[in-house]
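Student: Have a look at this one before I ask anything.
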4 protein chains.
Amino acid sequence: MAWKMNDTEPIYLQLIEKIQMDIVSGRCKPGDKLPSVRDLAVDAAVNPNTMQKALSELERSGLVFSQRTSGRFITDDSAMIANARKNLAVEEIRLFFSRMQQLGYNENETLELLQNVLKEGA
Amino acid sequence: MAWKMNDTEPIYLQLIEKIQMDIVSGRCKPGDKLPSVRDLAVDAAVNPNTMQKALSELERSGLVFSQRTSGRFITDDSAMIANARKNLAVEEIRLFFSRMQQLGYNENETLELLQNVLKEGA
Amino acid sequence: MAWKMNDTEPIYLQLIEKIQMDIVSGRCKPGDKLPSVRDLAVDAAVNPNTMQKALSELERSGLVFSQRTSGRFITDDSAMIANARKNLAVEEIRLFFSRMQQLGYNENETLELLQNVLKEGA
Amino acid sequence: MAWKMNDTEPIYLQLIEKIQMDIVSGRCKPGDKLPSVRDLAVDAAVNPNTMQKALSELERSGLVFSQRTSGRFITDDSAMIANARKNLAVEEIRLFFSRMQQLGYNENETLELLQNVLKEGA
DNA sequence: GTGGTCTAGACCACC
DNA sequence: GTGGTCTAGACCACA
């Protein structure tokens, strides 16, 4: 796996985000079987417990479910995935506005500049 | 100063970003005198050489200038500051669209969702 | 057999409860012949002596009786079975009220909430 | 602390139930400070991690909240506590009916017997 | 082999 | 001192 690690944010949260992205972006399909906790942990170079914690939270949020003996699966409820995707997007938008506000752009100014960027292409 | 450090991005770039933000957001005013390199470095808990490199870059971009005898100052050219601010904002917008694209939102879908978020308050 | 064992309660009492349930719930019919002590003990993974003790108690209470030559049988006295069933139920009710009291519900409050639960479906 | 341990149910769930009871029954008052994770763990003779897990879940359910440096507290939202208490009671009622059903009592028969037990006092 | 639980012991940030 | 995170390694039930 080996993606960028941020040393300030807890690892298990980063794992959650990563797996969420894999799911909502469609890299993993609904109903797909996930590798075992141990394999995922080895892959991410973290302790199995840490991976377990991440997966448990994902299970709580409904994005994955586990069958004790046969493994862990991505939910086949597309609506739930779509919903998670939207929530992430909304959160991204909120962060965006917050960062723009730090630069002194209010909502209207932000929208205006955003339109300009789009028009000017690339 | 003491802000969160990211271990992936070069430190001097992080310093530049931080100081840029202080300038364009108005936390530091045009014409303000900056502390000495040494003090800034101590404050940021970095090597003076690293801070020096950051300040040199800022000088090259025109946001700060140094007077050999009296120290280093923030430019009093408001247009230049405004310009820097806009560049940062445009960069922020680009990153935003890129992240939304990772979530599977194209430009129009992004705009639509963005309008919704604004309408629904927050 | 193989049911969950509780390590705090004496095993023979757990065996009694289990067999009582089998009888009063009708899983074993009045007059049915029971397997041998040995078989029952193997089935429950307990020492034959322990099973013997349980069966003796059940015999004392009248739920089972033994015929020296042909084995051990469940009583065919339906009234006795019905009585045992009622005793278990009453005990269950007492425990229920005791638990509700621990939650701070007196008898009337318990009855009220119980009616609500029944009304709202289940 | 030293209360009865059940070896089949996960320890952290038993811890949750125990603490829940302490809260909803009023043994601990709203706003009360809880002992530190370590102390609670020693008290319950479990690993700090296990106690931490229990407390985290209680925090998720809203019954307790934590302040990073000063400790953990019982919520001062009485309505939330009352709500938790009711949920536990409803769950108790459901289990009661389920056990009565195993004894062959339907809802009406259960209610009838229950009234009788109450009338006969004791 | 799977998910899940548990322990022992470490380290961190915060105040 | 607090809560929180993380690792290493063990054990269990299930099928």
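Residues are referred to by chain and number: the chain letter is A, B, ... according to the order shown in the structure tokens, the number counts from 1 in that chain, and ligands are numbered separately from 1 in the order shown.
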So these two share a sequence; what Cα RMSD do you get laying chain C over chain D, all Cα, in order, least squares?
Tutor: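 The root-mean-square deviation of C-alpha positions is 0.4 Å.
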Student: Considering only C-alpha atoms (C1' of nucleotides), return as a list in words whatever protein or nucleic-acid residues lie within 9 Å of segment 52-64 of chain B, sequence-local ones (same chain, fewer than 5 positions apart) excluded.
Tutor: Ile11, Tyr12, Leu13, Gln14, Leu15, Ile16, Ile19, Gln20, Ile23, Gly31, Leu34, Val37, Arg38, Ala41, Asn47, Arg72, Phe73, Ile74, Thr75, Asp76, Asp77, Met80, Ile81 and Ala84 of chain B
Student: If you count only C-alpha atoms (C1' of nucleotides), which residues fall within 12 Å of DA15 of chain F, apart from same-chain ones fewer than 3 positions away, as a PyMOL selection string?
Tutor: (chain A and resi 67-70) or (chain E and resi 1-2)
Student: Find the spatial neighbours of Leu40 of chain A, counting only C-alpha atoms (C1' of nucleotides), within a cut-off of 8 Å - ignore same-chain residues fewer than 5 positions away - and output them as a list in words.
Tutor: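 Near Leu40 of chain A, the qualifying residues are Pro35, Pro48 and Met51 of chain A.
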Student: With all heavy atoms retained, export the selected residues as a PDB file, in the first residue's frame.
Tutor:
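Output file selection04.pdb is given in full below:
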ATOM      1  N   PRO A  35      -9.424  -7.989   2.098  1.00  0.00           N
ATOM      2  CA  PRO A  35      -8.395  -8.885   2.636  1.00  0.00           C
ATOM      3  C   PRO A  35      -8.590  -9.007   4.146  1.00  0.00           C
ATOM      4  O   PRO A  35      -9.281  -8.201   4.759  1.00  0.00           O
ATOM      5  CB  PRO A  35      -7.093  -8.156   2.316  1.00  0.00           C
ATOM      6  CG  PRO A  35      -7.410  -7.227   1.208  1.00  0.00           C
ATOM      7  CD  PRO A  35      -8.844  -6.825   1.396  1.00  0.00           C
ATOM      8  N   PRO A  48      -1.965  -5.136  13.621  1.00  0.00           N
ATOM      9  CA  PRO A  48      -3.315  -5.633  13.337  1.00  0.00           C
ATOM     10  C   PRO A  48      -4.391  -4.949  14.187  1.00  0.00           C
ATOM     11  O   PRO A  48      -5.487  -4.685  13.695  1.00  0.00           O
ATOM     12  CB  PRO A  48      -3.221  -7.120  13.689  1.00  0.00           C
ATOM     13  CG  PRO A  48      -1.790  -7.460  13.475  1.00  0.00           C
ATOM     14  CD  PRO A  48      -1.010  -6.223  13.820  1.00  0.00           C
ATOM     15  N   MET A  51      -5.405  -1.688  12.616  1.00  0.00           N
ATOM     16  CA  MET A  51      -6.271  -1.908  11.454  1.00  0.00           C
ATOM     17  C   MET A  51      -7.666  -2.351  11.901  1.00  0.00           C
ATOM     18  O   MET A  51      -8.678  -1.923  11.364  1.00  0.00           O
ATOM     19  CB  MET A  51      -5.626  -2.958  10.548  1.00  0.00           C
ATOM     20  CG  MET A  51      -6.388  -3.234   9.262  1.00  0.00           C
ATOM     21  SD  MET A  51      -6.689  -1.765   8.243  1.00  0.00           S
ATOM     22  CE  MET A  51      -5.096  -1.560   7.457  1.00  0.00           C
TER      23      MET A  51
END
Student: What lies within 12 Å of Leu95 of chain B using only C-alpha atoms (C1' of nucleotides), ignoring chain neighbours under 3 positions off, as a list in words?
Tutor: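 The filter keeps Glu92, Ile93, Leu95, Phe96, Arg99, Met100, Leu114 and Val117 of chain A; Leu88, Ala89, Val90, Glu91, Glu92, Ser98, Arg99, Met100, Gln101 and Gln102 of chain B.
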Student: Let's see if you can do this: from backbone DSSP, list all alpha helix (DSSP H) residues in segment 20-79 of chain D, as a list in words.
Tutor: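 The residues of segment 20-79 of chain D classed as alpha helix (DSSP H) are Gln20, Met21, Asp22, Ile23, Val24, Val37, Arg38, Asp39, Leu40, Ala41, Val42, Asp43, Ala44, Pro48, Asn49, Thr50, Met51, Gln52, Lys53, Ala54, Leu55, Ser56, Glu57, Leu58, Glu59, Arg60, Ser61, Ser78 and Ala79 of chain D.
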Student: Have a look at atom CA of Arg94 of chain B and atom CA of Cys28 of chain B and let me know their distance in Å, one decimal.
Tutor: 25.9 Å
Student: Provide the atom CA of Ala82 of chain B to atom CA of Lys119 of chain A distance in Å, to one decimal place.
Tutor: 20.8 Å
Student: Write out as a list in words every residue belonging to chain F that has an atom at most 10 Å from any atom of chain A, counting only C-alpha atoms (C1' of nucleotides).
Tutor: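 Taking only C-alpha atoms (C1' of nucleotides) into account, DG4, DT5, DC6, DT7, DA8, DA13, DC14 and DA15 of chain F sit within 10 Å of chain A.
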Student: Take atom CA of Gly71 of chain D and atom CA of Lys33 of chain D and report the distance between them in Å, one decimal.
Tutor: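 So the answer is 7.1 Å.
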Student: Check the DSSP output for the backbone and give back, as a list in words, the residues of chain C in strand (DSSP E or B).
Tutor: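 DSSP on the backbone gives strand (DSSP E or B) at Lys33, Val64, Phe65, Ser66, Gln67, Gly71, Arg72, Phe73 and Ile74 of chain C.
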Student: With N, CA and C atoms retained, could you export that selection as a short mmCIF file (atom, residue, chain, number, x, y, z; two decimals), in the first residue's frame?
Tutor:
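File written: part32.cif
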data_model
loop_
_atom_site.label_atom_id
_atom_site.label_comp_id
_atom_site.auth_asym_id
_atom_site.auth_seq_id
_atom_site.Cartn_x
_atom_site.Cartn_y
_atom_site.Cartn_z
N LYS C 33 -38.47 -41.61 27.21
CA LYS C 33 -37.33 -42.22 27.87
C LYS C 33 -36.11 -41.31 27.71
N VAL C 64 -38.89 -36.37 36.72
CA VAL C 64 -38.49 -37.61 36.07
C VAL C 64 -38.59 -38.73 37.11
N PHE C 65 -38.72 -39.95 36.61
CA PHE C 65 -38.73 -41.09 37.53
C PHE C 65 -37.94 -42.20 36.87
N SER C 66 -37.41 -43.08 37.70
CA SER C 66 -36.60 -44.14 37.12
C SER C 66 -37.22 -45.50 37.42
N GLN C 67 -37.08 -46.34 36.42
CA GLN C 67 -37.47 -47.73 36.63
C GLN C 67 -36.19 -48.54 36.60
N GLY C 71 -34.68 -47.97 32.77
CA GLY C 71 -34.11 -46.65 32.54
C GLY C 71 -34.86 -45.53 33.22
N ARG C 72 -34.63 -44.33 32.72
CA ARG C 72 -35.20 -43.14 33.35
C ARG C 72 -36.16 -42.47 32.37
N PHE C 73 -37.30 -42.01 32.92
CA PHE C 73 -38.35 -41.45 32.06
C PHE C 73 -38.82 -40.09 32.58
N ILE C 74 -39.31 -39.31 31.65
CA ILE C 74 -39.96 -38.07 32.03
C ILE C 74 -41.34 -38.43 32.57
#
Student: With 12 Å as the limit and counting only C-alpha atoms (C1' of nucleotides), what residues in chain E lie close to chain A? Please list them as a VMD selection string.
Tutor: chain E and resid 1 to 6 12 to 13
